[in-house]
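Trainee: Below is the file query23.pdb, with PDB, N, CA and C atoms and all ligand atoms.
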```pdb
MODEL        1
ATOM      1  N   MET C  13      10.205  24.794   8.925
ATOM      2  CA  MET C  13      10.396  23.526   8.197
ATOM      3  C   MET C  13      10.909  22.446   9.147
ATOM      4  N   GLU C  14      11.834  22.843  10.025
ATOM      5  CA  GLU C  14      12.383  21.900  11.005
ATOM      6  C   GLU C  14      11.266  21.381  11.921
ATOM      7  N   ALA C  15      10.397  22.293  12.367
ATOM      8  CA  ALA C  15       9.270  21.904  13.239
ATOM      9  C   ALA C  15       8.343  20.964  12.495
ATOM     10  N   MET C  16       8.116  21.246  11.239
ATOM     11  CA  MET C  16       7.244  20.407  10.409
ATOM     12  C   MET C  16       7.826  19.009  10.284
ATOM     13  N   ASN C  17       9.131  18.923  10.047
ATOM     14  CA  ASN C  17       9.777  17.607   9.921
ATOM     15  C   ASN C  17       9.695  16.819  11.223
ATOM     16  N   SER C  18       9.851  17.507  12.348
ATOM     17  CA  SER C  18       9.739  16.829  13.640
ATOM     18  C   SER C  18       8.332  16.285  13.823
ATOM     19  N   PHE C  19       7.355  17.092  13.422
ATOM     20  CA  PHE C  19       5.952  16.675  13.512
ATOM     21  C   PHE C  19       5.717  15.436  12.645
ATOM     22  N   PHE C  20       6.191  15.478  11.412
ATOM     23  CA  PHE C  20       6.036  14.346  10.495
ATOM     24  C   PHE C  20       6.679  13.093  11.073
ATOM     25  N   GLN C  21       7.887  13.266  11.597
ATOM     26  CA  GLN C  21       8.640  12.132  12.134
ATOM     27  C   GLN C  21       7.879  11.484  13.291
ATOM     28  N   MET C  22       7.299  12.347  14.133
ATOM     29  CA  MET C  22       6.550  11.856  15.294
ATOM     30  C   MET C  22       5.394  10.961  14.855
ATOM     31  N   PHE C  23       4.809  11.282  13.708
ATOM     32  CA  PHE C  23       3.658  10.515  13.230
ATOM     33  C   PHE C  23       4.006   9.614  12.044
ATOM     34  N   GLY C  24       5.283   9.266  11.924
ATOM     35  CA  GLY C  24       5.680   8.218  10.998
ATOM     36  C   GLY C  24       5.735   8.599   9.537
ATOM     37  N   ARG C  25       5.966   9.865   9.260
ATOM     38  CA  ARG C  25       6.092  10.269   7.861
ATOM     39  C   ARG C  25       7.514  10.747   7.603
ATOM     40  N   ALA C  26       8.181  10.104   6.628
ATOM     41  CA  ALA C  26       9.567  10.471   6.335
ATOM     42  C   ALA C  26       9.619  11.870   5.722
ATOM     43  N   ALA C  27      10.738  12.572   5.959
ATOM     44  CA  ALA C  27      10.888  13.925   5.422
ATOM     45  C   ALA C  27      11.062  13.899   3.908
ATOM     46  N   VAL C  28      11.676  12.810   3.421
ATOM     47  CA  VAL C  28      11.959  12.690   1.989
ATOM     48  C   VAL C  28      10.803  11.940   1.319
ATOM     49  N   PRO C  29      10.286  12.435   0.189
ATOM     50  CA  PRO C  29       9.184  11.733  -0.478
ATOM     51  C   PRO C  29       9.617  10.339  -0.930
ATOM     52  N   PRO C  30       8.748   9.324  -0.785
ATOM     53  CA  PRO C  30       9.102   7.954  -1.148
ATOM     54  C   PRO C  30       9.419   7.825  -2.635
ATOM     55  N   ALA C  31      10.441   7.004  -2.940
ATOM     56  CA  ALA C  31      10.856   6.824  -4.334
ATOM     57  C   ALA C  31      10.230   5.586  -4.961
ATOM     58  N   ALA C  32       9.711   4.690  -4.138
ATOM     59  CA  ALA C  32       9.267   3.384  -4.624
ATOM     60  C   ALA C  32       8.034   3.484  -5.515
ATOM     61  N   ASN C  33       7.886   2.448  -6.348
ATOM     62  CA  ASN C  33       6.684   2.308  -7.163
ATOM     63  C   ASN C  33       5.676   1.465  -6.371
ATOM     64  N   VAL C  34       4.550   2.059  -6.029
ATOM     65  CA  VAL C  34       3.559   1.366  -5.203
ATOM     66  C   VAL C  34       2.266   1.190  -5.997
ATOM     67  N   GLU C  35       1.772  -0.059  -5.993
ATOM     68  CA  GLU C  35       0.525  -0.380  -6.693
ATOM     69  C   GLU C  35      -0.457  -0.969  -5.691
ATOM     70  N   ILE C  36      -1.720  -0.612  -5.832
ATOM     71  CA  ILE C  36      -2.749  -1.142  -4.933
ATOM     72  C   ILE C  36      -4.009  -1.478  -5.727
ATOM     73  N   TYR C  37      -4.467  -2.726  -5.539
ATOM     74  CA  TYR C  37      -5.725  -3.172  -6.136
ATOM     75  C   TYR C  37      -6.834  -2.910  -5.127
ATOM     76  N   THR C  38      -7.918  -2.312  -5.571
ATOM     77  CA  THR C  38      -8.979  -1.908  -4.635
ATOM     78  C   THR C  38     -10.380  -2.162  -5.178
ATOM     79  N   TRP C  39     -11.315  -2.160  -4.228
ATOM     80  CA  TRP C  39     -12.719  -1.877  -4.526
ATOM     81  C   TRP C  39     -12.969  -0.487  -3.949
ATOM     82  N   GLN C  40     -13.774   0.286  -4.613
ATOM     83  CA  GLN C  40     -13.955   1.695  -4.227
ATOM     84  C   GLN C  40     -14.548   1.875  -2.831
ATOM     85  N   THR C  41     -15.422   0.950  -2.402
ATOM     86  CA  THR C  41     -16.092   1.159  -1.113
ATOM     87  C   THR C  41     -15.560   0.250  -0.007
ATOM     88  N   CYS C  42     -14.453  -0.426  -0.254
ATOM     89  CA  CYS C  42     -13.903  -1.371   0.722
ATOM     90  C   CYS C  42     -13.153  -0.616   1.822
ATOM     91  N   PRO C  43     -13.587  -0.777   3.078
ATOM     92  CA  PRO C  43     -12.956  -0.026   4.177
ATOM     93  C   PRO C  43     -11.468  -0.323   4.338
ATOM     94  N   TYR C  44     -11.071  -1.573   4.119
ATOM     95  CA  TYR C  44      -9.643  -1.915   4.221
ATOM     96  C   TYR C  44      -8.833  -1.178   3.145
ATOM     97  N   CYS C  45      -9.448  -1.015   1.978
ATOM     98  CA  CYS C  45      -8.748  -0.308   0.890
ATOM     99  C   CYS C  45      -8.566   1.157   1.253
ATOM    100  N   ILE C  46      -9.617   1.743   1.796
ATOM    101  CA  ILE C  46      -9.565   3.160   2.175
ATOM    102  C   ILE C  46      -8.506   3.360   3.261
ATOM    103  N   ARG C  47      -8.472   2.419   4.214
ATOM    104  CA  ARG C  47      -7.508   2.518   5.318
ATOM    105  C   ARG C  47      -6.072   2.380   4.798
ATOM    106  N   ALA C  48      -5.880   1.451   3.870
ATOM    107  CA  ALA C  48      -4.538   1.260   3.300
ATOM    108  C   ALA C  48      -4.116   2.500   2.512
ATOM    109  N   LYS C  49      -5.041   3.051   1.729
ATOM    110  CA  LYS C  49      -4.706   4.238   0.934
ATOM    111  C   LYS C  49      -4.420   5.434   1.839
ATOM    112  N   LEU C  50      -5.095   5.480   2.980
ATOM    113  CA  LEU C  50      -4.855   6.571   3.933
ATOM    114  C   LEU C  50      -3.413   6.544   4.431
ATOM    115  N   LEU C  51      -2.920   5.343   4.760
ATOM    116  CA  LEU C  51      -1.534   5.237   5.228
ATOM    117  C   LEU C  51      -0.561   5.611   4.100
ATOM    118  N   LEU C  52      -0.851   5.130   2.894
ATOM    119  CA  LEU C  52       0.035   5.455   1.767
ATOM    120  C   LEU C  52       0.031   6.961   1.511
ATOM    121  N   TRP C  53      -1.165   7.565   1.593
ATOM    122  CA  TRP C  53      -1.268   9.014   1.410
ATOM    123  C   TRP C  53      -0.439   9.738   2.474
ATOM    124  N   TRP C  54      -0.575   9.283   3.720
ATOM    125  CA  TRP C  54       0.145   9.942   4.816
ATOM    126  C   TRP C  54       1.656   9.838   4.615
ATOM    127  N   LYS C  55       2.075   8.698   4.045
ATOM    128  CA  LYS C  55       3.506   8.511   3.789
ATOM    129  C   LYS C  55       3.974   9.333   2.582
ATOM    130  N   GLY C  56       3.039   9.955   1.879
ATOM    131  CA  GLY C  56       3.388  10.775   0.716
ATOM    132  C   GLY C  56       3.596   9.968  -0.548
ATOM    133  N   VAL C  57       3.011   8.756  -0.590
ATOM    134  CA  VAL C  57       3.208   7.870  -1.743
ATOM    135  C   VAL C  57       2.263   8.256  -2.878
ATOM    136  N   ASN C  58       2.832   8.378  -4.057
ATOM    137  CA  ASN C  58       2.037   8.644  -5.246
ATOM    138  C   ASN C  58       1.709   7.293  -5.893
ATOM    139  N   TYR C  59       0.794   6.555  -5.268
ATOM    140  CA  TYR C  59       0.551   5.163  -5.663
ATOM    141  C   TYR C  59      -0.300   5.059  -6.936
ATOM    142  N   THR C  60      -0.183   3.905  -7.585
ATOM    143  CA  THR C  60      -1.055   3.575  -8.723
ATOM    144  C   THR C  60      -2.170   2.694  -8.205
ATOM    145  N   GLU C  61      -3.402   3.094  -8.444
ATOM    146  CA  GLU C  61      -4.549   2.330  -7.960
ATOM    147  C   GLU C  61      -5.241   1.626  -9.122
ATOM    148  N   TYR C  62      -5.495   0.317  -8.926
ATOM    149  CA  TYR C  62      -6.305  -0.435  -9.881
ATOM    150  C   TYR C  62      -7.642  -0.713  -9.206
ATOM    151  N   ALA C  63      -8.652   0.021  -9.570
ATOM    152  CA  ALA C  63      -9.993  -0.188  -9.008
ATOM    153  C   ALA C  63     -10.654  -1.317  -9.805
ATOM    154  N   ILE C  64     -10.826  -2.458  -9.168
ATOM    155  CA  ILE C  64     -11.254  -3.653  -9.905
ATOM    156  C   ILE C  64     -12.667  -4.095  -9.510
ATOM    157  N   ASP C  65     -13.464  -3.171  -9.020
ATOM    158  CA  ASP C  65     -14.850  -3.490  -8.616
ATOM    159  C   ASP C  65     -15.568  -4.245  -9.731
ATOM    160  N   GLY C  66     -16.065  -5.426  -9.404
ATOM    161  CA  GLY C  66     -16.889  -6.174 -10.355
ATOM    162  C   GLY C  66     -16.155  -6.774 -11.534
ATOM    163  N   ASP C  67     -14.839  -6.658 -11.560
ATOM    164  CA  ASP C  67     -14.060  -7.162 -12.699
ATOM    165  C   ASP C  67     -13.366  -8.474 -12.294
ATOM    166  N   ASP C  68     -14.017  -9.590 -12.576
ATOM    167  CA  ASP C  68     -13.505 -10.893 -12.133
ATOM    168  C   ASP C  68     -12.178 -11.259 -12.787
ATOM    169  N   ALA C  69     -12.025 -10.879 -14.048
ATOM    170  CA  ALA C  69     -10.768 -11.185 -14.750
ATOM    171  C   ALA C  69      -9.611 -10.435 -14.088
ATOM    172  N   ALA C  70      -9.851  -9.192 -13.742
ATOM    173  CA  ALA C  70      -8.806  -8.393 -13.088
ATOM    174  C   ALA C  70      -8.503  -8.970 -11.704
ATOM    175  N   ARG C  71      -9.542  -9.475 -11.038
ATOM    176  CA  ARG C  71      -9.326 -10.066  -9.712
ATOM    177  C   ARG C  71      -8.494 -11.334  -9.824
ATOM    178  N   ASP C  72      -8.761 -12.123 -10.862
ATOM    179  CA  ASP C  72      -7.950 -13.326 -11.096
ATOM    180  C   ASP C  72      -6.485 -12.950 -11.350
ATOM    181  N   ALA C  73      -6.286 -11.910 -12.146
ATOM    182  CA  ALA C  73      -4.916 -11.463 -12.459
ATOM    183  C   ALA C  73      -4.231 -10.964 -11.185
ATOM    184  N   MET C  74      -4.993 -10.253 -10.358
ATOM    185  CA  MET C  74      -4.453  -9.786  -9.071
ATOM    186  C   MET C  74      -4.023 -10.968  -8.212
ATOM    187  N   ALA C  75      -4.916 -11.975  -8.113
ATOM    188  CA  ALA C  75      -4.642 -13.137  -7.256
ATOM    189  C   ALA C  75      -3.397 -13.884  -7.727
ATOM    190  N   GLU C  76      -3.222 -13.929  -9.031
ATOM    191  CA  GLU C  76      -2.046 -14.607  -9.573
ATOM    192  C   GLU C  76      -0.762 -13.889  -9.135
ATOM    193  N   ARG C  77      -0.816 -12.556  -9.160
ATOM    194  CA  ARG C  77       0.343 -11.758  -8.721
ATOM    195  C   ARG C  77       0.535 -11.832  -7.218
ATOM    196  N   ALA C  78      -0.592 -11.991  -6.488
ATOM    197  CA  ALA C  78      -0.587 -11.856  -5.027
ATOM    198  C   ALA C  78      -0.502 -13.210  -4.328
ATOM    199  N   ASN C  79       0.161 -14.148  -4.927
ATOM    200  CA  ASN C  79       0.327 -15.490  -4.319
ATOM    201  C   ASN C  79      -1.011 -16.077  -3.875
ATOM    202  N   GLY C  80      -2.036 -15.869  -4.687
ATOM    203  CA  GLY C  80      -3.344 -16.442  -4.400
ATOM    204  C   GLY C  80      -4.272 -15.552  -3.594
ATOM    205  N   GLY C  81      -3.781 -14.427  -3.120
ATOM    206  CA  GLY C  81      -4.617 -13.520  -2.317
ATOM    207  C   GLY C  81      -5.741 -12.919  -3.149
ATOM    208  N   ARG C  82      -6.985 -13.159  -2.734
ATOM    209  CA  ARG C  82      -8.137 -12.692  -3.524
ATOM    210  C   ARG C  82      -8.886 -11.547  -2.845
ATOM    211  N   SER C  83      -8.563 -11.268  -1.569
ATOM    212  CA  SER C  83      -9.230 -10.142  -0.906
ATOM    213  C   SER C  83      -8.583  -8.844  -1.389
ATOM    214  N   VAL C  84      -9.324  -7.759  -1.234
ATOM    215  CA  VAL C  84      -8.766  -6.447  -1.542
ATOM    216  C   VAL C  84      -8.633  -5.655  -0.239
ATOM    217  N   PRO C  85      -7.627  -4.820  -0.096
ATOM    218  CA  PRO C  85      -6.639  -4.500  -1.119
ATOM    219  C   PRO C  85      -5.526  -5.550  -1.207
ATOM    220  N   GLN C  86      -4.815  -5.540  -2.319
ATOM    221  CA  GLN C  86      -3.522  -6.219  -2.439
ATOM    222  C   GLN C  86      -2.523  -5.148  -2.852
ATOM    223  N   ILE C  87      -1.395  -5.124  -2.158
ATOM    224  CA  ILE C  87      -0.441  -4.025  -2.305
ATOM    225  C   ILE C  87       0.914  -4.559  -2.745
ATOM    226  N   PHE C  88       1.516  -3.845  -3.677
ATOM    227  CA  PHE C  88       2.843  -4.209  -4.192
ATOM    228  C   PHE C  88       3.765  -2.999  -4.090
ATOM    229  N   ILE C  89       4.987  -3.250  -3.608
ATOM    230  CA  ILE C  89       5.999  -2.199  -3.570
ATOM    231  C   ILE C  89       7.160  -2.659  -4.421
ATOM    232  N   ASN C  90       7.459  -1.877  -5.447
ATOM    233  CA  ASN C  90       8.505  -2.252  -6.410
ATOM    234  C   ASN C  90       8.316  -3.692  -6.890
ATOM    235  N   ASN C  91       7.061  -3.991  -7.216
ATOM    236  CA  ASN C  91       6.680  -5.295  -7.781
ATOM    237  C   ASN C  91       6.762  -6.447  -6.781
ATOM    238  N   ASN C  92       7.060  -6.152  -5.525
ATOM    239  CA  ASN C  92       7.054  -7.195  -4.485
ATOM    240  C   ASN C  92       5.722  -7.152  -3.735
ATOM    241  N   HIS C  93       5.162  -8.336  -3.510
ATOM    242  CA  HIS C  93       3.876  -8.418  -2.846
ATOM    243  C   HIS C  93       4.020  -8.132  -1.357
ATOM    244  N   VAL C  94       3.306  -7.138  -0.867
ATOM    245  CA  VAL C  94       3.315  -6.801   0.562
ATOM    246  C   VAL C  94       2.172  -7.511   1.278
ATOM    247  N   GLY C  95       1.021  -7.625   0.624
ATOM    248  CA  GLY C  95      -0.169  -8.237   1.220
ATOM    249  C   GLY C  95      -1.321  -7.256   1.236
ATOM    250  N   GLY C  96      -2.175  -7.395   2.251
ATOM    251  CA  GLY C  96      -3.349  -6.533   2.353
ATOM    252  C   GLY C  96      -3.122  -5.378   3.317
ATOM    253  N   CYS C  97      -4.228  -4.788   3.721
ATOM    254  CA  CYS C  97      -4.173  -3.615   4.608
ATOM    255  C   CYS C  97      -3.495  -3.938   5.934
ATOM    256  N   ASP C  98      -3.914  -5.038   6.568
ATOM    257  CA  ASP C  98      -3.328  -5.393   7.871
ATOM    258  C   ASP C  98      -1.831  -5.642   7.743
ATOM    259  N   ASP C  99      -1.451  -6.274   6.647
ATOM    260  CA  ASP C  99      -0.021  -6.544   6.412
ATOM    261  C   ASP C  99       0.758  -5.227   6.266
ATOM    262  N   LEU C 100       0.138  -4.266   5.572
ATOM    263  CA  LEU C 100       0.802  -2.971   5.360
ATOM    264  C   LEU C 100       1.028  -2.255   6.698
ATOM    265  N   TYR C 101      -0.011  -2.231   7.536
ATOM    266  CA  TYR C 101       0.109  -1.563   8.838
ATOM    267  C   TYR C 101       1.087  -2.312   9.752
ATOM    268  N   ALA C 102       1.050  -3.663   9.686
ATOM    269  CA  ALA C 102       1.969  -4.446  10.521
ATOM    270  C   ALA C 102       3.418  -4.176  10.105
ATOM    271  N   LEU C 103       3.629  -4.111   8.801
ATOM    272  CA  LEU C 103       4.970  -3.817   8.281
ATOM    273  C   LEU C 103       5.441  -2.450   8.782
ATOM    274  N   ASP C 104       4.538  -1.473   8.724
ATOM    275  CA  ASP C 104       4.893  -0.140   9.207
ATOM    276  C   ASP C 104       5.170  -0.167  10.706
ATOM    277  N   GLY C 105       4.352  -0.943  11.435
ATOM    278  CA  GLY C 105       4.489  -1.020  12.886
ATOM    279  C   GLY C 105       5.825  -1.573  13.334
ATOM    280  N   ARG C 106       6.414  -2.454  12.504
ATOM    281  CA  ARG C 106       7.727  -2.982  12.883
ATOM    282  C   ARG C 106       8.859  -2.260  12.150
ATOM    283  N   GLY C 107       8.533  -1.109  11.590
ATOM    284  CA  GLY C 107       9.564  -0.250  11.003
ATOM    285  C   GLY C 107      10.044  -0.685   9.636
ATOM    286  N   GLY C 108       9.293  -1.568   8.981
ATOM    287  CA  GLY C 108       9.758  -2.106   7.693
ATOM    288  C   GLY C 108       9.235  -1.395   6.461
ATOM    289  N   LEU C 109       8.236  -0.526   6.641
ATOM    290  CA  LEU C 109       7.630   0.086   5.449
ATOM    291  C   LEU C 109       8.478   1.224   4.882
ATOM    292  N   ASP C 110       8.927   2.124   5.736
ATOM    293  CA  ASP C 110       9.682   3.286   5.241
ATOM    294  C   ASP C 110      10.927   2.887   4.433
ATOM    295  N   PRO C 111      11.706   1.880   4.898
ATOM    296  CA  PRO C 111      12.865   1.481   4.094
ATOM    297  C   PRO C 111      12.466   0.986   2.702
ATOM    298  N   LEU C 112      11.354   0.242   2.622
ATOM    299  CA  LEU C 112      10.913  -0.237   1.295
ATOM    300  C   LEU C 112      10.474   0.924   0.422
ATOM    301  N   LEU C 113       9.768   1.877   1.042
ATOM    302  CA  LEU C 113       9.269   3.014   0.264
ATOM    303  C   LEU C 113      10.398   3.918  -0.228
ATOM    304  N   SER C 114      11.511   3.875   0.474
ATOM    305  CA  SER C 114      12.624   4.760   0.092
ATOM    306  C   SER C 114      13.443   4.190  -1.070
ATOM    307  N   GLU C 115      13.188   2.912  -1.406
ATOM    308  CA  GLU C 115      13.957   2.276  -2.491
ATOM    309  C   GLU C 115      13.366   2.625  -3.849
ATOM    310  N   SER C 116      14.221   3.018  -4.785
ATOM    311  CA  SER C 116      13.766   3.264  -6.154
ATOM    312  C   SER C 116      13.457   1.928  -6.819
ATOM    313  N   PRO C 117      12.513   1.925  -7.767
ATOM    314  CA  PRO C 117      12.257   0.700  -8.491
ATOM    315  C   PRO C 117      13.495   0.266  -9.269
ATOM    316  N   ALA C 118      13.706  -1.067  -9.359
ATOM    317  CA  ALA C 118      14.884  -1.567 -10.086
ATOM    318  C   ALA C 118      14.750  -1.249 -11.574
ATOM    319  N   GLY C 119      15.905  -1.076 -12.219
ATOM    320  CA  GLY C 119      15.929  -0.913 -13.674
ATOM    321  C   GLY C 119      15.673   0.439 -14.075
TER
HETATM  322  N1  LIG A 201      -7.106  -8.756   6.310
HETATM  323  C1  LIG A 201      -7.432  -8.232   5.022
HETATM  324  C2  LIG A 201      -8.937  -8.036   4.941
HETATM  325  C3  LIG A 201      -9.400  -7.510   3.603
HETATM  326  C4  LIG A 201     -10.865  -7.772   3.364
HETATM  327  O1  LIG A 201     -11.549  -8.474   4.139
HETATM  328  N2  LIG A 201     -11.357  -7.214   2.256
HETATM  329  C5  LIG A 201     -12.717  -7.460   1.861
HETATM  330  C6  LIG A 201     -13.322  -6.217   1.250
HETATM  331  S1  LIG A 201     -13.335  -4.844   2.384
HETATM  332  C7  LIG A 201     -12.739  -8.535   0.800
HETATM  333  O2  LIG A 201     -11.878  -8.605  -0.046
HETATM  334  N3  LIG A 201     -13.766  -9.385   0.860
HETATM  335  C8  LIG A 201     -13.999 -10.394  -0.143
HETATM  336  C9  LIG A 201     -13.200 -11.637   0.074
HETATM  337  O3  LIG A 201     -12.476 -11.766   1.077
HETATM  338  O4  LIG A 201     -13.262 -12.503  -0.810
HETATM  339  C10 LIG A 201      -6.669  -6.938   4.821
HETATM  340  O5  LIG A 201      -6.183  -6.382   5.824
HETATM  341  O6  LIG A 201      -6.504  -6.494   3.681
ENDMDL
END
```
For the file at hand, write its structure as structure tokens.
Mentor:
Amino acid sequence: MEAMNSFFQMFGRAAVPPAANVEIYTWQTCPYCIRAKLLLWWKGVNYTEYAIDGDDAARDAMAERANGGRSVPQIFINNNHVGGCDDLYALDGRGGLDPLLSESPAG
């Protein structure tokens, strides 16, 4: 188990499962969405996915939540807008993702 944790740590996966509520709006065949979900999966996140392919009303609702962002994916952690795939990886790259994922949702 200790060796496994060291391995996980080396590749950026926390030993403790993330507590945060993570939501992601996607199109099923969008490469950025797949890449973002891959990172969330690796982090052990049990995310909620809204597949909004072809649903313009859902896309409008997403954009309203996402400060106008209309591309997919759009990612939210504990109801806070993180951004798209590149934003998620950049956040992780500067060490900011794991702390957010470790926070329980408010309330
Ligand atoms: N930089 C963005 C790129 C996302 C992106 O280009 N998504 C495409 C689908 S794979 C998209 O939404 N295209 C339609 C549009 O931008 O209106 C990210 O990292 O999330």
Trainee: Counting only C-alpha atoms, which of C:Asp72, C:Ile64, C:Gln86, C:Ala27 gets nearest to Thr41 in chain C?
Mentor: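 Of the candidates, the smallest distance to Thr41 in chain C is held by C:Ile64.
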Trainee: So that I can check the surroundings of Lys49 in chain C, please list as a list in words every protein, DNA and RNA residue that reaches within 10 Å of it, counting only C-alpha atoms and ignoring chain neighbours fewer than 3 positions away.
Mentor: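 Result of the neighbour search: Ile36, Thr38, Pro43, Tyr44, Cys45, Ile46, Leu52, Trp53, Trp54, Lys55, Val57, Tyr59, Glu61, Pro85, Ile87 and Cys97 of chain C.
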Trainee: Selected by the PyMOL selection byres (((chain C and resi 114) around 8) and not hetatm) in the shown coordinates: which residues, as a ChimeraX atom specification?
Mentor: /C:28-33,109-113,115-117
Trainee: Taking only N, CA and C atoms and all ligand atoms into account, which of C:Ala118, C:Ala63, C:Cys42, C:Met74 comes nearest ligand LIG 201 (chain A)?
Mentor: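 Nearest candidate to ligand LIG 201 (chain A) out of C:Ala118, C:Ala63, C:Cys42, C:Met74: C:Cys42.
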Trainee: Taking the backbone alone, and naming residues the way the document does, which bits of chain C are strand (DSSP E) by DSSP, as a PyMOL selection string?
Mentor: chain C and resi 34-38+60-63+86-89+92-95
Trainee: Record the distance separating CA of Asp104 in chain C and atom C5 of ligand LIG 201 (chain A), expressed in Å with one decimal.
Mentor: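 Straight-line distance from CA of Asp104 in chain C to atom C5 of ligand LIG 201 (chain A) works out to 20.4 Å.
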Trainee: Can you spell out as a list in words the set of residues that the PyMOL selection byres (((chain C and resi 89) around 6.5) and not hetatm) selects in the structure I just provided?
Mentor: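 Written out, the selection comes to Ala32, Asn33, Val34, Glu35, Ile87, Phe88, Asn90, Asn91, Asn92, His93 and Val94 of chain C.
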Trainee: Need the shell around Arg82 in chain C: protein/DNA/RNA residues with any atom at most 12 Å away, counting only C-alpha atoms. Skip same-chain ones fewer than 5 positions apart. Format as number ranges by chain?
Mentor: C: 37-39, 64, 68-77, 87, 95-96
Trainee: Output N, CA and C atoms of each residue in that selection to a file, as an mmCIF file, in the frame of the given file.
Mentor:
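Output (again15.cif):
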```cif
data_model
loop_
_atom_site.group_PDB
_atom_site.id
_atom_site.type_symbol
_atom_site.label_atom_id
_atom_site.label_comp_id
_atom_site.auth_asym_id
_atom_site.auth_seq_id
_atom_site.Cartn_x
_atom_site.Cartn_y
_atom_site.Cartn_z
ATOM 1 N N TYR C 37 -4.467 -2.726 -5.539
ATOM 2 C CA TYR C 37 -5.725 -3.172 -6.136
ATOM 3 C C TYR C 37 -6.834 -2.910 -5.127
ATOM 4 N N THR C 38 -7.918 -2.312 -5.571
ATOM 5 C CA THR C 38 -8.979 -1.908 -4.635
ATOM 6 C C THR C 38 -10.380 -2.162 -5.178
ATOM 7 N N TRP C 39 -11.315 -2.160 -4.228
ATOM 8 C CA TRP C 39 -12.719 -1.877 -4.526
ATOM 9 C C TRP C 39 -12.969 -0.487 -3.949
ATOM 10 N N ILE C 64 -10.826 -2.458 -9.168
ATOM 11 C CA ILE C 64 -11.254 -3.653 -9.905
ATOM 12 C C ILE C 64 -12.667 -4.095 -9.510
ATOM 13 N N ASP C 68 -14.017 -9.590 -12.576
ATOM 14 C CA ASP C 68 -13.505 -10.893 -12.133
ATOM 15 C C ASP C 68 -12.178 -11.259 -12.787
ATOM 16 N N ALA C 69 -12.025 -10.879 -14.048
ATOM 17 C CA ALA C 69 -10.768 -11.185 -14.750
ATOM 18 C C ALA C 69 -9.611 -10.435 -14.088
ATOM 19 N N ALA C 70 -9.851 -9.192 -13.742
ATOM 20 C CA ALA C 70 -8.806 -8.393 -13.088
ATOM 21 C C ALA C 70 -8.503 -8.970 -11.704
ATOM 22 N N ARG C 71 -9.542 -9.475 -11.038
ATOM 23 C CA ARG C 71 -9.326 -10.066 -9.712
ATOM 24 C C ARG C 71 -8.494 -11.334 -9.824
ATOM 25 N N ASP C 72 -8.761 -12.123 -10.862
ATOM 26 C CA ASP C 72 -7.950 -13.326 -11.096
ATOM 27 C C ASP C 72 -6.485 -12.950 -11.350
ATOM 28 N N ALA C 73 -6.286 -11.910 -12.146
ATOM 29 C CA ALA C 73 -4.916 -11.463 -12.459
ATOM 30 C C ALA C 73 -4.231 -10.964 -11.185
ATOM 31 N N MET C 74 -4.993 -10.253 -10.358
ATOM 32 C CA MET C 74 -4.453 -9.786 -9.071
ATOM 33 C C MET C 74 -4.023 -10.968 -8.212
ATOM 34 N N ALA C 75 -4.916 -11.975 -8.113
ATOM 35 C CA ALA C 75 -4.642 -13.137 -7.256
ATOM 36 C C ALA C 75 -3.397 -13.884 -7.727
ATOM 37 N N GLU C 76 -3.222 -13.929 -9.031
ATOM 38 C CA GLU C 76 -2.046 -14.607 -9.573
ATOM 39 C C GLU C 76 -0.762 -13.889 -9.135
ATOM 40 N N ARG C 77 -0.816 -12.556 -9.160
ATOM 41 C CA ARG C 77 0.343 -11.758 -8.721
ATOM 42 C C ARG C 77 0.535 -11.832 -7.218
ATOM 43 N N ILE C 87 -1.395 -5.124 -2.158
ATOM 44 C CA ILE C 87 -0.441 -4.025 -2.305
ATOM 45 C C ILE C 87 0.914 -4.559 -2.745
ATOM 46 N N GLY C 95 1.021 -7.625 0.624
ATOM 47 C CA GLY C 95 -0.169 -8.237 1.220
ATOM 48 C C GLY C 95 -1.321 -7.256 1.236
ATOM 49 N N GLY C 96 -2.175 -7.395 2.251
ATOM 50 C CA GLY C 96 -3.349 -6.533 2.353
ATOM 51 C C GLY C 96 -3.122 -5.378 3.317
#
```
Trainee: Rounded to one decimal place, report the CA of Tyr62 in chain C-CA of Val84 in chain C distance in Å.
Mentor: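 It comes out at 10.6 Å.
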Trainee: Between CA of Arg25 in chain C and CA of Ala78 in chain C, measure the distance and give it in Å to one decimal.
Mentor: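 CA of Ala78 in chain C lies 26.5 Å from CA of Arg25 in chain C.
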Trainee: Determine the nearest neighbour of ligand LIG 201 (chain A) from the options C:Gly105, C:Asp99, C:Leu51, C:Gln40, counting only C-alpha atoms and all ligand atoms.
Mentor: C:Asp99
Trainee: From the set C:Asn79, C:Met13, C:Ala48, C:Asp67, which residue has the shortest atom-to-atom contact distance to ligand LIG 201 (chain A), counting only C-alpha atoms and all ligand atoms?
Mentor: C:Ala48
Trainee: Select from chain C everything DSSP, run on the backbone, classes as alpha helix (DSSP H), then give the selection as an NGL selection string.
Mentor: :C and (14-22 or 43-54 or 68-77 or 97-105 or 109-113)
Trainee: May I ask which of the residues C:Phe23, C:Glu14, C:Ser83, C:Arg47 is the closest one to ligand LIG 201 (chain A), counting all atoms listed in the file?
Mentor: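 Comparing C:Phe23, C:Glu14, C:Ser83, C:Arg47 against ligand LIG 201 (chain A), the winner is C:Ser83.
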